[in-house]
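Note: the block below is run11.cif and it holds mmCIF, C-alpha atoms.
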```
data_protein
loop_
_atom_site.label_atom_id
_atom_site.label_comp_id
_atom_site.auth_asym_id
_atom_site.auth_seq_id
_atom_site.Cartn_x
_atom_site.Cartn_y
_atom_site.Cartn_z
CA MET J 77 -63.82 -60.13 -239.47
CA PRO J 78 -63.65 -59.61 -235.69
CA ALA J 79 -59.88 -59.62 -235.78
CA LEU J 80 -59.92 -56.52 -238.00
CA LYS J 81 -61.74 -54.48 -235.28
CA ARG J 82 -59.20 -55.05 -232.56
CA PRO J 83 -56.79 -52.28 -233.61
CA ALA J 84 -59.61 -49.74 -233.45
CA LEU J 85 -60.59 -50.89 -229.98
CA ALA J 86 -56.97 -50.81 -228.87
CA GLY J 87 -56.58 -47.31 -230.28
CA ARG J 88 -59.62 -46.05 -228.42
CA ALA J 89 -58.30 -47.58 -225.16
CA LEU J 90 -54.91 -46.02 -225.69
CA ALA J 91 -56.50 -42.64 -226.39
CA ALA J 92 -58.45 -42.90 -223.17
CA LEU J 93 -55.33 -43.72 -221.16
CA LEU J 94 -53.08 -41.15 -222.82
CA PRO J 95 -54.01 -38.15 -220.61
CA ALA J 96 -53.31 -40.15 -217.48
CA LEU J 97 -50.04 -41.42 -218.87
CA LEU J 98 -48.93 -37.87 -219.60
CA LEU J 99 -49.50 -36.76 -215.96
CA PRO J 100 -46.57 -36.76 -213.52
CA GLY J 101 -46.19 -40.04 -211.77
CA CYS J 102 -47.12 -38.58 -208.38
CA ALA J 103 -50.45 -37.40 -209.81
CA LEU J 104 -51.53 -40.99 -210.15
CA LEU J 105 -51.23 -41.33 -206.39
CA ARG J 106 -53.44 -39.83 -203.69
CA ALA J 107 -52.45 -36.25 -202.87
CA PRO J 108 -50.52 -36.09 -199.59
CA GLU J 109 -52.08 -34.45 -196.57
CA PRO J 110 -50.84 -30.89 -195.97
CA PRO J 111 -48.26 -30.67 -193.18
CA ALA J 112 -49.60 -29.95 -189.74
CA PRO J 113 -49.18 -26.32 -188.69
CA PRO J 114 -46.42 -25.68 -186.16
CA PRO J 115 -47.56 -25.63 -182.56
CA ALA J 116 -48.70 -22.26 -181.35
CA PRO J 117 -46.14 -20.51 -179.15
CA PRO J 118 -47.04 -20.46 -175.48
CA PRO J 119 -49.04 -17.40 -174.46
CA LEU J 120 -47.00 -14.47 -173.23
CA GLN J 121 -47.11 -13.64 -169.57
CA GLU J 122 -47.37 -10.22 -168.06
CA PRO J 123 -43.89 -8.99 -167.09
CA LEU J 124 -42.78 -10.09 -163.64
CA GLU J 125 -41.83 -7.71 -160.85
CA THR J 126 -38.33 -6.27 -161.13
CA THR J 127 -38.17 -3.83 -158.20
CA ARG J 128 -39.83 -5.32 -155.10
CA PHE J 129 -39.11 -8.75 -153.63
CA VAL J 130 -40.19 -10.51 -150.44
CA LEU J 131 -37.38 -12.09 -148.41
CA PRO J 132 -38.80 -15.32 -146.98
CA ASP J 133 -35.94 -15.81 -144.51
CA ALA J 134 -32.54 -14.48 -143.56
CA ALA J 135 -30.75 -17.23 -145.50
CA THR J 136 -32.29 -16.36 -148.86
CA SER J 137 -30.03 -14.04 -150.82
CA VAL J 138 -31.24 -14.56 -154.41
CA VAL J 139 -34.41 -12.76 -155.51
CA GLY J 140 -36.41 -12.38 -158.71
CA GLU J 141 -36.62 -14.42 -161.91
CA LEU J 142 -35.07 -14.21 -165.34
CA GLN J 143 -37.45 -13.25 -168.16
CA VAL J 144 -37.27 -13.26 -171.96
CA VAL J 145 -38.86 -10.67 -174.25
CA ARG J 146 -39.12 -10.49 -178.04
CA LEU J 147 -38.16 -7.09 -179.44
CA ARG J 148 -39.74 -4.98 -182.14
CA GLY J 149 -37.84 -3.30 -184.94
CA LYS J 150 -37.20 0.07 -183.24
CA ASP J 151 -36.50 -1.23 -179.73
CA THR J 152 -33.07 -0.43 -178.27
CA PHE J 153 -31.62 -1.59 -174.98
CA ILE J 154 -32.25 1.89 -173.57
CA ASP J 155 -35.96 1.52 -174.32
CA VAL J 156 -36.00 -1.95 -172.75
CA ALA J 157 -34.14 -0.71 -169.67
CA GLN J 158 -36.67 2.07 -169.14
CA ALA J 159 -39.66 -0.22 -169.61
CA TYR J 160 -38.54 -2.97 -167.22
CA HIS J 161 -36.59 -0.98 -164.57
CA LEU J 162 -33.23 -2.39 -165.61
CA GLY J 163 -29.88 -0.81 -166.41
CA PHE J 164 -28.33 -0.46 -169.86
CA ASP J 165 -25.07 -2.18 -168.89
CA GLU J 166 -26.99 -5.01 -167.24
CA LEU J 167 -28.72 -5.76 -170.53
CA VAL J 168 -25.45 -5.61 -172.46
CA GLU J 169 -23.79 -8.06 -170.05
CA ALA J 170 -26.74 -10.47 -170.14
CA ASN J 171 -26.98 -10.47 -173.95
CA PRO J 172 -23.44 -10.64 -175.37
CA GLY J 173 -23.06 -10.35 -179.11
CA ILE J 174 -26.32 -8.44 -179.61
CA ASP J 175 -26.17 -4.85 -180.87
CA PRO J 176 -27.81 -2.79 -178.09
CA TRP J 177 -28.78 -0.04 -180.54
CA LEU J 178 -30.14 -2.26 -183.33
CA PRO J 179 -31.06 -5.64 -181.83
CA GLY J 180 -33.41 -6.40 -184.72
CA GLU J 181 -37.05 -7.25 -185.28
CA GLY J 182 -38.08 -10.45 -183.50
CA ARG J 183 -34.88 -10.80 -181.48
CA GLU J 184 -35.33 -12.45 -178.10
CA ILE J 185 -33.25 -11.05 -175.25
CA VAL J 186 -32.88 -11.96 -171.60
CA LEU J 187 -34.11 -9.56 -168.94
CA PRO J 188 -31.60 -9.96 -166.07
CA SER J 189 -34.22 -9.50 -163.37
CA ARG J 190 -32.77 -11.99 -160.88
CA PHE J 191 -30.30 -10.67 -158.36
CA VAL J 192 -27.91 -11.86 -155.67
CA LEU J 193 -28.07 -9.50 -152.71
CA PRO J 194 -24.79 -7.86 -151.65
CA ASP J 195 -23.00 -9.51 -148.75
CA VAL J 196 -23.68 -6.78 -146.16
CA PRO J 197 -26.19 -6.18 -143.36
CA ARG J 198 -29.69 -5.73 -144.74
CA GLN J 199 -30.25 -2.25 -143.42
CA GLY J 200 -31.03 1.04 -145.09
CA ILE J 201 -29.63 1.61 -148.58
CA VAL J 202 -26.90 -0.50 -150.15
CA LEU J 203 -25.17 0.64 -153.34
CA ASN J 204 -23.12 -1.98 -155.20
CA VAL J 205 -20.91 0.03 -157.54
CA PRO J 206 -19.79 -2.59 -160.13
CA THR J 207 -23.31 -3.99 -160.54
CA LYS J 208 -24.76 -0.45 -160.77
CA ARG J 209 -27.61 -1.38 -158.42
CA LEU J 210 -29.24 0.21 -155.40
CA PHE J 211 -30.93 -1.99 -152.78
CA TYR J 212 -33.26 -0.53 -150.16
CA PHE J 213 -34.10 -2.64 -147.10
CA PRO J 214 -36.95 -0.95 -145.18
CA LYS J 215 -37.36 -2.02 -141.59
CA PRO J 216 -40.27 -4.51 -141.58
CA GLN J 217 -43.29 -3.73 -139.48
CA LYS J 218 -44.25 -6.19 -136.77
CA GLY J 219 -45.79 -9.28 -138.33
CA GLU J 220 -44.73 -8.35 -141.87
CA ALA J 221 -42.23 -10.14 -144.07
CA ALA J 222 -38.98 -8.41 -144.90
CA VAL J 223 -38.76 -6.96 -148.41
CA VAL J 224 -36.09 -5.42 -150.60
CA TYR J 225 -36.47 -2.82 -153.34
CA THR J 226 -33.86 -2.54 -156.05
CA PHE J 227 -33.23 -0.04 -158.85
CA PRO J 228 -30.59 0.56 -161.54
CA ILE J 229 -28.19 3.45 -160.96
CA SER J 230 -25.40 5.32 -162.69
CA ILE J 231 -22.04 5.59 -160.95
CA GLY J 232 -18.88 7.68 -161.23
CA ARG J 233 -16.83 7.11 -164.33
CA GLU J 234 -13.13 6.27 -164.22
CA GLY J 235 -11.25 9.17 -162.69
CA TRP J 236 -14.42 10.30 -160.88
CA ALA J 237 -15.04 7.11 -158.91
CA THR J 238 -17.95 6.85 -156.50
CA PRO J 239 -16.42 6.59 -153.00
CA LEU J 240 -16.91 3.42 -150.96
CA GLY J 241 -17.79 3.02 -147.31
CA LEU J 242 -20.53 3.43 -144.72
CA THR J 243 -22.26 6.80 -144.67
CA ARG J 244 -25.76 8.20 -144.16
CA ILE J 245 -28.27 10.61 -145.66
CA VAL J 246 -27.76 14.04 -144.12
CA SER J 247 -30.34 16.08 -146.06
CA LYS J 248 -33.07 15.80 -148.69
CA LYS J 249 -34.12 18.43 -151.20
CA LYS J 250 -36.96 18.61 -153.71
CA ASP J 251 -36.23 20.74 -156.79
CA PRO J 252 -32.57 21.15 -155.87
CA VAL J 253 -30.30 23.92 -157.07
CA TRP J 254 -27.05 22.64 -158.57
CA ARG J 255 -24.02 24.58 -157.42
CA VAL J 256 -21.54 23.35 -159.96
CA PRO J 257 -18.23 22.24 -158.44
CA ALA J 258 -15.19 24.06 -159.78
CA SER J 259 -13.67 20.81 -161.06
CA ILE J 260 -16.74 20.09 -163.19
CA ARG J 261 -16.90 23.66 -164.51
CA ARG J 262 -13.25 23.41 -165.46
CA GLU J 263 -13.77 20.11 -167.29
CA HIS J 264 -16.75 21.46 -169.23
CA ALA J 265 -14.88 24.64 -170.13
CA GLU J 266 -11.98 22.59 -171.51
CA ASN J 267 -14.48 20.67 -173.66
CA GLY J 268 -16.05 23.86 -175.03
CA ASP J 269 -19.23 23.46 -172.98
CA PRO J 270 -19.03 26.11 -170.24
CA LEU J 271 -21.40 25.84 -167.29
CA PRO J 272 -22.75 28.59 -165.05
CA PRO J 273 -21.76 28.47 -161.38
CA VAL J 274 -25.39 27.79 -160.40
CA VAL J 275 -28.10 25.85 -162.26
CA PRO J 276 -31.65 26.52 -160.99
CA PRO J 277 -34.35 23.84 -160.70
CA GLY J 278 -35.96 22.86 -163.97
CA PRO J 279 -35.54 20.68 -167.04
CA ASP J 280 -31.92 21.77 -167.58
CA ASN J 281 -30.82 20.75 -164.08
CA PRO J 282 -28.89 17.44 -164.22
CA LEU J 283 -29.86 16.68 -160.60
CA GLY J 284 -33.46 16.17 -161.65
CA ALA J 285 -36.29 16.90 -159.23
CA TYR J 286 -34.95 15.15 -156.09
CA ALA J 287 -31.59 14.94 -154.33
CA MET J 288 -30.36 13.32 -151.10
CA ARG J 289 -26.98 14.41 -149.77
CA LEU J 290 -24.55 11.87 -148.26
CA ALA J 291 -22.20 12.46 -145.34
CA ILE J 292 -19.13 12.02 -147.55
CA PRO J 293 -16.63 14.84 -148.05
CA GLY J 294 -16.86 16.13 -151.59
CA ASP J 295 -20.60 16.81 -151.91
CA TYR J 296 -21.89 13.42 -153.09
CA LEU J 297 -25.60 12.93 -153.77
CA ILE J 298 -28.16 10.31 -154.67
CA HIS J 299 -30.23 12.24 -157.19
CA GLY J 300 -32.46 12.10 -160.24
CA THR J 301 -31.51 13.12 -163.74
CA ASN J 302 -32.74 15.01 -166.76
CA LYS J 303 -31.09 12.39 -168.98
CA PRO J 304 -32.52 9.00 -167.98
CA ALA J 305 -30.98 7.34 -171.04
CA GLY J 306 -27.71 7.17 -169.08
CA VAL J 307 -29.06 5.32 -166.03
CA GLY J 308 -27.30 2.01 -165.61
CA MET J 309 -24.00 3.25 -167.03
CA ARG J 310 -20.73 4.50 -165.58
CA ILE J 311 -21.00 8.15 -166.59
CA SER J 312 -21.39 10.42 -163.55
CA HIS J 313 -18.87 12.59 -161.70
CA GLY J 314 -19.16 10.31 -158.66
CA CYS J 315 -22.77 10.87 -157.63
CA ILE J 316 -25.47 8.21 -157.83
CA ARG J 317 -28.07 8.88 -160.53
CA MET J 318 -31.51 7.28 -160.59
CA ASN J 319 -34.43 7.29 -162.97
CA PRO J 320 -36.88 10.12 -162.19
CA ALA J 321 -39.71 7.82 -161.07
CA ASP J 322 -37.38 5.71 -158.91
CA ILE J 323 -35.82 8.61 -157.03
CA GLU J 324 -39.23 10.22 -156.52
CA TRP J 325 -40.49 7.05 -154.83
CA LEU J 326 -37.33 6.46 -152.79
CA PHE J 327 -37.19 10.11 -151.68
CA GLN J 328 -40.62 9.71 -150.07
CA GLN J 329 -39.66 6.49 -148.25
CA VAL J 330 -36.30 7.17 -146.62
CA PRO J 331 -35.59 9.47 -143.66
CA VAL J 332 -32.63 11.71 -143.01
CA GLY J 333 -30.07 9.71 -141.05
CA LEU J 334 -30.69 6.45 -142.93
CA PRO J 335 -27.46 4.43 -143.28
CA VAL J 336 -26.03 4.04 -146.78
CA ARG J 337 -23.39 1.41 -147.57
CA ILE J 338 -21.43 1.76 -150.79
CA VAL J 339 -19.65 -1.48 -151.69
CA ASN J 340 -17.55 -2.94 -154.49
CA GLN J 341 -18.74 -6.53 -155.00
CA PRO J 342 -18.53 -7.67 -158.64
CA LEU J 343 -18.72 -11.33 -157.57
CA LEU J 344 -21.76 -12.29 -155.51
CA VAL J 345 -22.47 -15.71 -154.01
CA GLY J 346 -26.07 -16.31 -152.97
CA VAL J 347 -28.41 -18.99 -151.70
CA ALA J 348 -31.96 -19.81 -152.78
CA GLY J 349 -33.79 -22.99 -151.86
CA GLY J 350 -30.60 -24.50 -150.49
CA GLU J 351 -28.83 -24.01 -153.84
CA LEU J 352 -25.69 -21.91 -154.40
CA PHE J 353 -25.58 -19.25 -157.12
CA LEU J 354 -22.80 -17.05 -158.46
CA GLU J 355 -23.46 -13.67 -160.08
CA ALA J 356 -20.36 -12.30 -161.82
CA HIS J 357 -19.91 -8.81 -163.27
CA PRO J 358 -16.88 -7.13 -164.83
CA ALA J 359 -14.64 -5.48 -162.26
CA LEU J 360 -14.25 -1.73 -162.32
CA GLU J 361 -11.49 -0.63 -164.68
CA GLU J 362 -9.25 0.52 -161.84
CA ASP J 363 -9.62 -2.90 -160.15
CA LYS J 364 -8.73 -5.07 -163.14
CA THR J 365 -5.04 -5.28 -162.25
CA ARG J 366 -5.99 -7.26 -159.15
CA ARG J 367 -8.84 -9.23 -160.69
CA ASN J 368 -7.09 -12.47 -161.61
CA ALA J 369 -5.54 -13.16 -158.22
CA ALA J 370 -7.30 -11.11 -155.58
CA LEU J 371 -10.83 -11.54 -156.90
CA LEU J 372 -10.31 -15.29 -157.21
CA ARG J 373 -9.31 -15.37 -153.55
CA ASP J 374 -12.39 -13.32 -152.70
CA ILE J 375 -14.71 -15.77 -154.39
CA GLU J 376 -12.97 -18.79 -152.85
CA LYS J 377 -13.56 -17.31 -149.40
CA LYS J 378 -17.22 -16.69 -150.16
CA LEU J 379 -17.69 -20.18 -151.57
CA ALA J 380 -15.98 -21.75 -148.59
CA LYS J 381 -18.29 -19.84 -146.27
CA SER J 382 -21.42 -20.66 -148.28
CA ALA J 383 -20.53 -24.30 -148.94
CA ALA J 384 -19.64 -25.08 -145.33
CA LYS J 385 -22.66 -27.37 -144.97
CA GLY J 386 -21.45 -29.81 -147.60
CA ALA J 387 -22.75 -28.27 -150.81
CA ARG J 388 -21.24 -29.91 -153.90
CA VAL J 389 -19.77 -27.03 -155.89
CA ASP J 390 -18.92 -27.47 -159.58
CA TYR J 391 -15.74 -25.40 -159.88
CA GLU J 392 -15.77 -25.61 -163.68
CA ARG J 393 -19.06 -23.69 -163.56
CA VAL J 394 -17.51 -21.23 -161.15
CA ALA J 395 -14.64 -20.59 -163.56
CA ARG J 396 -16.98 -20.29 -166.55
CA ALA J 397 -19.32 -17.86 -164.80
CA GLY J 398 -16.38 -15.80 -163.60
CA SER J 399 -15.00 -15.68 -167.13
CA GLU J 400 -18.26 -14.94 -168.99
CA GLN J 401 -19.47 -12.31 -166.49
CA ARG J 402 -23.08 -12.34 -167.70
CA GLY J 403 -24.34 -10.54 -164.59
CA MET J 404 -27.03 -13.13 -163.82
CA PRO J 405 -27.13 -15.69 -160.98
CA VAL J 406 -25.82 -19.04 -162.22
CA SER J 407 -26.23 -22.25 -160.24
CA ILE J 408 -22.80 -23.58 -159.32
CA MET J 409 -24.08 -26.83 -157.82
CA ALA J 410 -22.94 -30.07 -159.43
CA GLY J 411 -25.66 -31.42 -161.73
CA ALA J 412 -27.91 -28.35 -161.54
CA PRO J 413 -29.30 -26.69 -164.72
CA ASP J 414 -26.83 -24.29 -166.28
CA LEU J 415 -27.52 -20.72 -167.37
CA ALA J 416 -28.60 -21.75 -170.88
CA ALA J 417 -31.19 -24.09 -169.40
CA ALA J 418 -32.36 -21.39 -166.99
CA VAL J 419 -32.84 -18.94 -169.87
CA ALA J 420 -34.66 -21.57 -171.96
CA ALA J 421 -37.05 -22.19 -169.06
CA ALA J 422 -37.57 -18.49 -168.29
CA PRO J 423 -41.06 -17.10 -168.92
CA ARG J 424 -41.65 -15.27 -172.20
CA VAL J 425 -43.26 -11.96 -171.29
CA SER J 426 -45.13 -9.21 -173.10
CA ASN J 427 -43.20 -6.42 -174.74
CA ILE J 428 -44.16 -3.21 -172.91
CA VAL J 429 -41.50 -1.03 -174.51
CA SER J 430 -42.68 2.50 -175.19
CA TYR J 431 -40.93 5.25 -177.11
CA ASP J 432 -42.40 8.15 -175.13
CA TRP J 433 -40.48 7.50 -171.89
CA PHE J 434 -38.52 10.72 -172.26
CA GLU J 435 -40.33 14.00 -172.83
CA GLU J 436 -37.95 15.12 -175.56
CA GLY J 437 -39.04 12.12 -177.59
CA GLU J 438 -37.45 10.27 -180.44
CA ALA J 439 -34.68 12.80 -181.10
CA THR J 440 -33.24 12.38 -177.61
CA ARG J 441 -33.63 8.61 -177.77
CA GLU J 442 -31.70 8.43 -181.03
CA ALA J 443 -29.07 10.90 -179.80
CA ALA J 444 -28.29 8.51 -176.94
CA ALA J 445 -26.96 5.96 -179.43
CA PRO J 446 -23.38 6.21 -180.69
CA ALA J 447 -22.82 7.32 -184.24
CA ALA J 448 -22.03 3.79 -185.62
CA GLY J 449 -43.60 0.97 -148.13
CA GLY J 450 -46.04 1.51 -150.77
CA ALA J 451 -45.90 0.08 -154.18
CA ALA J 452 -42.68 0.51 -156.06
CA PRO J 453 -42.79 2.99 -158.95
CA ALA J 454 -44.71 1.96 -162.03
CA ARG J 455 -42.78 1.04 -165.14
CA ALA J 456 -41.97 3.83 -167.52
CA ARG J 457 -44.87 4.74 -169.75
#
```
Mind converting the file's structure to structure tokens?
Amino acid sequence: MPALKRPALAGRALAALLPALLLPGCALLRAPEPPAPPPAPPPLQEPLETTRFVLPDAATSVVGELQVVRLRGKDTFIDVAQAYHLGFDELVEANPGIDPWLPGEGREIVLPSRFVLPDVPRQGIVLNVPTKRLFYFPKPQKGEAAVVYTFPISIGREGWATPLGLTRIVSKKKDPVWRVPASIRREHAENGDPLPPVVPPGPDNPLGAYAMRLAIPGDYLIHGTNKPAGVGMRISHGCIRMNPADIEWLFQQVPVGLPVRIVNQPLLVGVAGGELFLEAHPALEEDKTRRNAALLRDIEKKLAKSAAKGARVDYERVARAGSEQRGMPVSIMAGAPDLAAAVAAAPRVSNIVSYDWFEEGEATREAAAPAAGGAAPARAR
């Protein structure tokens, strides 16, 4: 009878459905579309200029732009400093909390390549000791815009401070002989590293290949170095050290008699596009006893002078910048983008770090780490 066939038909239907019933529930639905790939990062720019800047007018006192670079696994702040014409301490100030010797693969760091010019006449060479920066203001030719060149320098360490004041270049010497001062020979002898009274030109001469003597009692020089890893630090016996390529270029540009101003300005107030900026650096160790009171008065005077035309200054930003001391110009105008926003908007640039910037190679580079009018000089290759 027909009714007897129904169980067989039902069994066959159930058998046909069984594989589908055993699948996960989501398999009965249409497979979801794969997620869209993340947007491609913006293309990297070529690194921006860090040594030569046009001054559009006398009122402009902030030059350059911040940049951001992504590091590779072996990059140290010394390598970055050499590649982009910056100083080691500048990079440390701009990137707090990052290990300068092992920043890490893929780490983004800020290149502090924006500067507030020192508050002095724009003539000759200006050395700002706490910022460890040299500024050279060549006299513009008729019909040409004024420009400034700037380079990182090393300065005298505590106890061997670089003297301040107005002086001039009294002589220039290529391949200088170093007549070692008695005080330095004595110090080295006490440390078990005796020095000869005279060091001839060559790779062992700490003056490098170029030296310019200043009219300051005590035999102070602007000179090169055979240890460029230390440029941008406070490590000299009072002289001004420069990277070899930088001093070679500057030596060819400046005449004997050029004025040189050596100043101590850790707090710099500048103007760009009608906007006020503050660049704050740590004070020199010997100045820190006066920092809280005297330096605050210094900055209030500068702000009062700069804000005389009715600029709306955000004094909370002033206090924060003075406390953080990141060494980069920060807008102190009410409602303006803060430093974090400026860094976020900064161009991402190509990594041009090279490990062959010093002829002694990787061993010297690693030894630097602690146990735990024409074109400016090209970047280190």
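Going from CA of Lys150 in chain J over to CA of Arg317 in chain J, you cover 26.0 Å.
The interatomic distance for the pair CA of Gly219 in chain J and CA of Ala134 in chain J works out to 15.2 Å.
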Original post:
the PyMOL selection byres ((chain J and resi 359) around 9) on the file shown: which residues, as a PyMOL selection string?
Top reply: chain J and resi 206-207+340-343+356-358+360-364+367+371
**OP:** Go ahead and compute the interatomic distance for CA of Phe227 in chain J and CA of Ala170 in chain J, in Å to one decimal.
**Re:** 16.7 Å
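Using all atoms listed in the file, the shortest contact distance between Met288 in chain J and any of J:Val406, J:Ile260, J:Ile323, J:Val345 is found at J:Ile323.
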Subject >> Exercise: Thr301 in chain J partners within 6 Å, only C-alpha atoms, chain neighbours under 5 positions left out, as a count of residues only >> reply: 3
Subject >> Pick from J:Pro320, J:Pro214, J:Trp177, J:Val330, whichever lies nearest to Lys248 in chain J using all atoms listed in the file >> reply: J:Val330
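Restricting the calculation to only C-alpha atoms, the smallest distance between Arg289 in chain J and any of J:Gln329, J:Ser312, J:Ala258, J:Pro335 is found for J:Pro335.
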Subject >> Residue members of the PyMOL selection byres ((chain J and resi 174) around 12) in the file shown, as an MDAnalysis selection string >> reply: chainID J and resid 147 152:153 167:173 175:180 183:186
**OP:** Compile the contact shell of Gly235 in chain J as a ChimeraX atom specification: residues with an atom at most 9 Å away, counting all atoms listed in the file, same-chain residues fewer than 2 positions apart removed.
**Re:** /J:232-233,237,313-314,362
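Using only C-alpha atoms for every distance, the candidate list J:Leu326, J:Leu271, J:Ala135, J:Ala422 yields J:Leu326 as the residue closest to Thr226 in chain J.
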Original post:
When the PyMOL selection byres ((chain J and resi 355) around 6) is applied to the file above, which residues end up in the set, as a ChimeraX atom specification?
Top reply: /J:343-344,354,356,403-405
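If all atoms listed in the file are the atoms counted, then among J:Asn204, J:Thr126, J:Ser259, J:Gln217 the closest residue to Pro239 in chain J is J:Asn204.
Minimum atom-to-atom distance to Val138 in chain J, evaluated using all atoms listed in the file, belongs to J:Glu351 out of J:Glu109, J:Asp165, J:Glu263, J:Glu351.
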**OP:** Quick one: residues within 12 Å of (-37.8, -8.7, -142.2) (file frame), counting only C-alpha atoms, please, as a ChimeraX atom specification.
**Re:** /J:129-136,197-199,213-224
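Close contacts of Asp390 in chain J, defined as residues with an atom at most 10 Å away when counting all atoms listed in the file, with chain neighbours fewer than 2 positions off set aside, comprise Ala387, Arg388, Glu392, Arg393, Val394, Ala395, Ser407, Ile408, Met409, Ala410, Gly411 and Ala412 of chain J.
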**OP:** Would you kindly identify which residues have an atom no farther than 10 Å from (-19.5, 29.8, -161.9), using only C-alpha atoms and the file's own coordinates, and write them out as a count of residues only?
**Re:** 12
Just write range 237-279 of chain J with C-alpha atoms, as a compact mmCIF listing (two decimals), in the first residue's frame, taken from the block above.
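Wrote selection.txt, looks like this:
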```txt
# COMPACT_ATOMS: atom_id res chain seq x y z
CA ALA J 237 82.64 75.26 29.95
CA THR J 238 82.71 76.98 26.57
CA PRO J 239 83.15 80.71 27.30
CA LEU J 240 80.39 83.15 26.36
CA GLY J 241 80.64 86.53 24.69
CA LEU J 242 81.40 88.34 21.45
CA THR J 243 84.65 87.38 19.76
CA ARG J 244 85.99 86.85 16.24
CA ILE J 245 87.98 84.42 14.13
CA VAL J 246 91.65 85.37 14.29
CA SER J 247 93.20 82.57 12.21
CA LYS J 248 92.35 79.50 10.13
CA LYS J 249 94.43 76.38 9.66
CA LYS J 250 94.04 73.32 7.45
CA ASP J 251 95.60 70.13 8.85
CA PRO J 252 96.31 71.74 12.21
CA VAL J 253 98.90 70.56 14.70
CA TRP J 254 97.50 70.08 18.20
CA ARG J 255 99.73 71.47 20.90
CA VAL J 256 98.16 69.80 23.88
CA PRO J 257 97.47 72.19 26.77
CA ALA J 258 99.13 71.23 30.03
CA SER J 259 95.76 70.94 31.79
CA ILE J 260 94.54 68.36 29.27
CA ARG J 261 97.81 66.40 29.41
CA ARG J 262 97.53 66.33 33.18
CA GLU J 263 93.94 65.08 33.07
CA HIS J 264 94.79 62.32 30.60
CA ALA J 265 97.82 61.27 32.63
CA GLU J 266 95.67 60.96 35.75
CA ASN J 267 93.30 58.72 33.79
CA GLY J 268 96.11 56.47 32.57
CA ASP J 269 95.97 57.82 29.02
CA PRO J 270 99.09 59.99 28.61
CA LEU J 271 99.27 62.35 25.65
CA PRO J 272 102.33 63.69 23.83
CA PRO J 273 102.92 67.44 23.99
CA VAL J 274 102.29 67.72 20.24
CA VAL J 275 99.94 65.71 18.00
CA PRO J 276 100.69 66.03 14.25
CA PRO J 277 98.01 66.22 11.55
CA GLY J 278 96.38 62.92 10.70
CA PRO J 279 93.69 60.48 11.78
```
